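S.K.: Contents of coords.cif (mmCIF, C-alpha atoms):
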```cif
data_protein
loop_
_atom_site.label_atom_id
_atom_site.label_comp_id
_atom_site.auth_asym_id
_atom_site.auth_seq_id
_atom_site.Cartn_x
_atom_site.Cartn_y
_atom_site.Cartn_z
CA MET A 1 127.14 18.67 -101.44
CA SER A 2 123.51 19.65 -101.88
CA GLU A 3 120.81 17.63 -100.18
CA LYS A 4 117.43 17.02 -101.71
CA SER A 5 114.38 18.00 -99.74
CA LYS A 6 112.77 14.85 -98.37
CA THR A 7 109.39 16.30 -97.62
CA CYS A 8 106.17 14.51 -98.33
CA ARG A 9 104.24 15.80 -101.37
CA VAL A 10 100.95 15.68 -99.44
CA CYS A 11 102.38 17.55 -96.43
CA GLN A 12 104.07 20.10 -98.67
CA GLN A 13 101.24 20.80 -101.16
CA GLY A 14 98.33 20.20 -98.82
CA LEU A 15 96.69 17.59 -101.08
CA GLU A 16 93.57 15.90 -99.78
CA LEU A 17 93.67 12.13 -100.12
CA SER A 18 90.06 11.03 -100.37
CA TYR A 19 88.29 8.23 -102.22
CA LYS A 20 85.93 10.94 -103.52
CA LYS A 21 88.78 12.38 -105.62
CA PRO A 22 89.96 9.56 -107.89
CA GLU A 23 91.84 11.99 -110.16
CA VAL A 24 94.18 12.82 -107.25
CA LEU A 25 94.61 9.15 -106.32
CA ARG A 26 95.49 8.24 -109.92
CA GLN A 27 98.68 10.32 -109.59
CA PHE A 28 99.97 7.66 -107.18
CA MET A 29 99.15 4.65 -109.39
CA ASN A 30 100.88 3.28 -112.46
CA ARG A 31 99.19 2.65 -115.82
CA ARG A 32 98.24 -0.89 -114.84
CA GLY A 33 96.44 0.32 -111.70
CA LYS A 34 99.00 -0.66 -109.07
CA ILE A 35 99.84 1.59 -106.13
CA LEU A 36 103.33 3.06 -106.44
CA SER A 37 105.83 2.61 -103.60
CA ARG A 38 106.88 5.30 -101.13
CA ARG A 39 110.25 5.50 -102.80
CA ILE A 40 108.61 6.61 -106.03
CA THR A 41 105.72 8.70 -104.66
CA LYS A 42 107.90 10.54 -102.10
CA LEU A 43 105.21 10.27 -99.40
CA CYS A 44 105.77 9.91 -95.67
CA ALA A 45 104.70 6.63 -94.04
CA LYS A 46 101.54 8.17 -92.58
CA HIS A 47 100.28 9.47 -95.92
CA GLN A 48 101.28 6.31 -97.81
CA ARG A 49 99.05 4.29 -95.45
CA ILE A 50 96.19 6.75 -95.91
CA LEU A 51 96.72 6.65 -99.69
CA SER A 52 96.47 2.86 -99.89
CA THR A 53 93.32 2.85 -97.73
CA GLU A 54 91.65 5.51 -99.88
CA ILE A 55 92.59 3.73 -103.11
CA ASP A 56 91.07 0.51 -101.74
CA ARG A 57 87.86 2.38 -100.89
CA ALA A 58 87.69 3.94 -104.36
CA ARG A 59 88.23 0.51 -105.94
CA LYS A 60 85.38 -1.01 -103.93
CA LEU A 61 83.07 1.75 -105.13
CA ALA A 62 84.26 1.21 -108.75
CA LEU A 63 85.76 4.71 -108.97
CA LEU A 64 89.18 3.20 -109.73
CA PRO A 65 90.07 -0.08 -111.47
CA TYR A 66 91.66 -2.97 -109.59
CA GLU A 67 93.94 -3.70 -112.52
CA GLU A 68 93.75 -2.72 -116.14
CA LEU A 69 94.38 -5.29 -118.82
CA PRO A 70 97.25 -4.71 -121.22
#
```
Any chance you could give the structure as structure tokens?

M.R.:
Amino acid sequence: MSEKSKTCRVCQQGLELSYKKPEVLRQFMNRRGKILSRRITKLCAKHQRILSTEIDRARKLALLPYEELP
């Protein structure tokens, strides 16, 4: 039985989660502008918390939408 690697994408690839890089943060949001869950994003708990904080900061500065209309 083969096991999948359960490593965090941010830890593995060395991505920088910052509100100054909305194009990186958009990878972790769906089309409607909601933050995807850890199960889907494959992030560790530490980086998921950082991600949500940075997305909130980017939203407050109008770099990312709160929610897009259909």

S.K.: Just so the selection is clear, what residues does the PyMOL selection byres ((chain A and resi 54) around 10) cover here, as a list in words?

M.R.: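 Residues picked by the PyMOL selection byres ((chain A and resi 54) around 10): Leu17, Ser18, Tyr19, Lys20, Lys21, Pro22, Leu25, Gln48, Arg49, Ile50, Leu51, Ser52, Thr53, Ile55, Asp56, Arg57, Ala58, Arg59 and Lys60 of chain A.
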
S.K.: Need to verify the contact set: Thr41 in chain A, 10 Å, all atoms listed in the file, exclusion of same-chain residues closer than 2 positions in sequence. Can you return it as JSON, numbers by chain?

M.R.: {"A": [8, 9, 10, 27, 28, 29, 35, 36, 37, 38, 39, 43, 44, 48]}

S.K.: One decimal, Å: what's the distance from CA of Lys42 in chain A over to CA of Ala62 in chain A, could you say?

M.R.: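 Spanning CA of Lys42 in chain A to CA of Ala62 in chain A is a straight-line distance of 26.3 Å.
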
S.K.: Let me make sure I understand: among A:Arg26, A:Glu67, A:His47, A:Arg31, which one has the smallest atom-to-atom distance to Gly14 in chain A if we use all atoms listed in the file?

M.R.: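 Of all the options, A:His47 lies closest to Gly14 in chain A.
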
S.K.: Enter the distance from CA of Leu64 in chain A to CA of Cys11 in chain A, in Å, rounded to one decimal.

M.R.: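 A separation of 23.6 Å between them.
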
S.K.: Render range 42-68 of chain A from the structure in the preceding block as a file of N, CA and C atoms, as a PDB file, in the first residue's frame.

M.R.:
```pdb
ATOM      1  N   LYS A  42      -4.318  21.412   1.455  1.00  0.00           N
ATOM      2  CA  LYS A  42      -3.182  20.572   1.883  1.00  0.00           C
ATOM      3  C   LYS A  42      -2.133  21.376   2.652  1.00  0.00           C
ATOM      4  N   LEU A  43      -2.579  22.333   3.460  1.00  0.00           N
ATOM      5  CA  LEU A  43      -1.659  23.117   4.282  1.00  0.00           C
ATOM      6  C   LEU A  43      -1.652  22.589   5.710  1.00  0.00           C
ATOM      7  N   CYS A  44      -0.546  22.822   6.406  1.00  0.00           N
ATOM      8  CA  CYS A  44      -0.493  22.475   7.825  1.00  0.00           C
ATOM      9  C   CYS A  44      -1.288  23.542   8.597  1.00  0.00           C
ATOM     10  N   ALA A  45      -1.595  23.267   9.844  1.00  0.00           N
ATOM     11  CA  ALA A  45      -2.422  24.167  10.650  1.00  0.00           C
ATOM     12  C   ALA A  45      -1.776  25.550  10.784  1.00  0.00           C
ATOM     13  N   LYS A  46      -0.476  25.576  10.972  1.00  0.00           N
ATOM     14  CA  LYS A  46       0.242  26.835  11.133  1.00  0.00           C
ATOM     15  C   LYS A  46       0.084  27.717   9.891  1.00  0.00           C
ATOM     16  N   HIS A  47       0.296  27.140   8.723  1.00  0.00           N
ATOM     17  CA  HIS A  47       0.222  27.933   7.500  1.00  0.00           C
ATOM     18  C   HIS A  47      -1.219  28.258   7.108  1.00  0.00           C
ATOM     19  N   GLN A  48      -2.173  27.428   7.486  1.00  0.00           N
ATOM     20  CA  GLN A  48      -3.583  27.749   7.213  1.00  0.00           C
ATOM     21  C   GLN A  48      -4.001  28.973   8.025  1.00  0.00           C
ATOM     22  N   ARG A  49      -3.540  29.070   9.267  1.00  0.00           N
ATOM     23  CA  ARG A  49      -3.837  30.250  10.092  1.00  0.00           C
ATOM     24  C   ARG A  49      -3.201  31.496   9.497  1.00  0.00           C
ATOM     25  N   ILE A  50      -1.945  31.382   9.082  1.00  0.00           N
ATOM     26  CA  ILE A  50      -1.257  32.514   8.461  1.00  0.00           C
ATOM     27  C   ILE A  50      -1.972  32.928   7.180  1.00  0.00           C
ATOM     28  N   LEU A  51      -2.386  31.939   6.382  1.00  0.00           N
ATOM     29  CA  LEU A  51      -3.087  32.204   5.131  1.00  0.00           C
ATOM     30  C   LEU A  51      -4.359  33.011   5.371  1.00  0.00           C
ATOM     31  N   SER A  52      -5.179  32.589   6.335  1.00  0.00           N
ATOM     32  CA  SER A  52      -6.440  33.294   6.571  1.00  0.00           C
ATOM     33  C   SER A  52      -6.194  34.718   7.063  1.00  0.00           C
ATOM     34  N   THR A  53      -5.169  34.918   7.879  1.00  0.00           N
ATOM     35  CA  THR A  53      -4.823  36.259   8.351  1.00  0.00           C
ATOM     36  C   THR A  53      -4.388  37.147   7.186  1.00  0.00           C
ATOM     37  N   GLU A  54      -3.556  36.617   6.315  1.00  0.00           N
ATOM     38  CA  GLU A  54      -3.057  37.401   5.181  1.00  0.00           C
ATOM     39  C   GLU A  54      -4.163  37.708   4.170  1.00  0.00           C
ATOM     40  N   ILE A  55      -5.088  36.769   3.975  1.00  0.00           N
ATOM     41  CA  ILE A  55      -6.215  37.034   3.080  1.00  0.00           C
ATOM     42  C   ILE A  55      -7.095  38.131   3.667  1.00  0.00           C
ATOM     43  N   ASP A  56      -7.324  38.106   4.976  1.00  0.00           N
ATOM     44  CA  ASP A  56      -8.104  39.163   5.620  1.00  0.00           C
ATOM     45  C   ASP A  56      -7.434  40.519   5.457  1.00  0.00           C
ATOM     46  N   ARG A  57      -6.123  40.571   5.602  1.00  0.00           N
ATOM     47  CA  ARG A  57      -5.396  41.834   5.415  1.00  0.00           C
ATOM     48  C   ARG A  57      -5.527  42.337   3.982  1.00  0.00           C
ATOM     49  N   ALA A  58      -5.389  41.438   3.019  1.00  0.00           N
ATOM     50  CA  ALA A  58      -5.496  41.820   1.609  1.00  0.00           C
ATOM     51  C   ALA A  58      -6.908  42.302   1.282  1.00  0.00           C
ATOM     52  N   ARG A  59      -7.908  41.694   1.904  1.00  0.00           N
ATOM     53  CA  ARG A  59      -9.292  42.128   1.685  1.00  0.00           C
ATOM     54  C   ARG A  59      -9.508  43.530   2.235  1.00  0.00           C
ATOM     55  N   LYS A  60      -8.961  43.812   3.396  1.00  0.00           N
ATOM     56  CA  LYS A  60      -9.133  45.142   4.005  1.00  0.00           C
ATOM     57  C   LYS A  60      -8.472  46.233   3.178  1.00  0.00           C
ATOM     58  N   LEU A  61      -7.410  45.880   2.475  1.00  0.00           N
ATOM     59  CA  LEU A  61      -6.725  46.845   1.612  1.00  0.00           C
ATOM     60  C   LEU A  61      -7.258  46.828   0.182  1.00  0.00           C
ATOM     61  N   ALA A  62      -8.341  46.088  -0.047  1.00  0.00           N
ATOM     62  CA  ALA A  62      -9.016  45.978  -1.356  1.00  0.00           C
ATOM     63  C   ALA A  62      -8.114  45.359  -2.422  1.00  0.00           C
ATOM     64  N   LEU A  63      -7.191  44.488  -2.019  1.00  0.00           N
ATOM     65  CA  LEU A  63      -6.377  43.755  -2.981  1.00  0.00           C
ATOM     66  C   LEU A  63      -7.082  42.469  -3.412  1.00  0.00           C
ATOM     67  N   LEU A  64      -7.985  41.980  -2.542  1.00  0.00           N
ATOM     68  CA  LEU A  64      -8.785  40.789  -2.836  1.00  0.00           C
ATOM     69  C   LEU A  64     -10.238  41.099  -2.520  1.00  0.00           C
ATOM     70  N   PRO A  65     -11.178  40.480  -3.238  1.00  0.00           N
ATOM     71  CA  PRO A  65     -12.603  40.729  -2.945  1.00  0.00           C
ATOM     72  C   PRO A  65     -13.059  39.941  -1.723  1.00  0.00           C
ATOM     73  N   TYR A  66     -14.072  40.479  -1.025  1.00  0.00           N
ATOM     74  CA  TYR A  66     -14.662  39.735   0.075  1.00  0.00           C
ATOM     75  C   TYR A  66     -15.463  38.577  -0.477  1.00  0.00           C
ATOM     76  N   GLU A  67     -16.292  38.865  -1.463  1.00  0.00           N
ATOM     77  CA  GLU A  67     -17.065  37.816  -2.121  1.00  0.00           C
ATOM     78  C   GLU A  67     -17.492  38.352  -3.469  1.00  0.00           C
ATOM     79  N   GLU A  68     -17.323  37.529  -4.486  1.00  0.00           N
ATOM     80  CA  GLU A  68     -17.733  37.952  -5.814  1.00  0.00           C
ATOM     81  C   GLU A  68     -19.175  37.529  -6.054  1.00  0.00           C
TER      82      GLU A  68
END
```
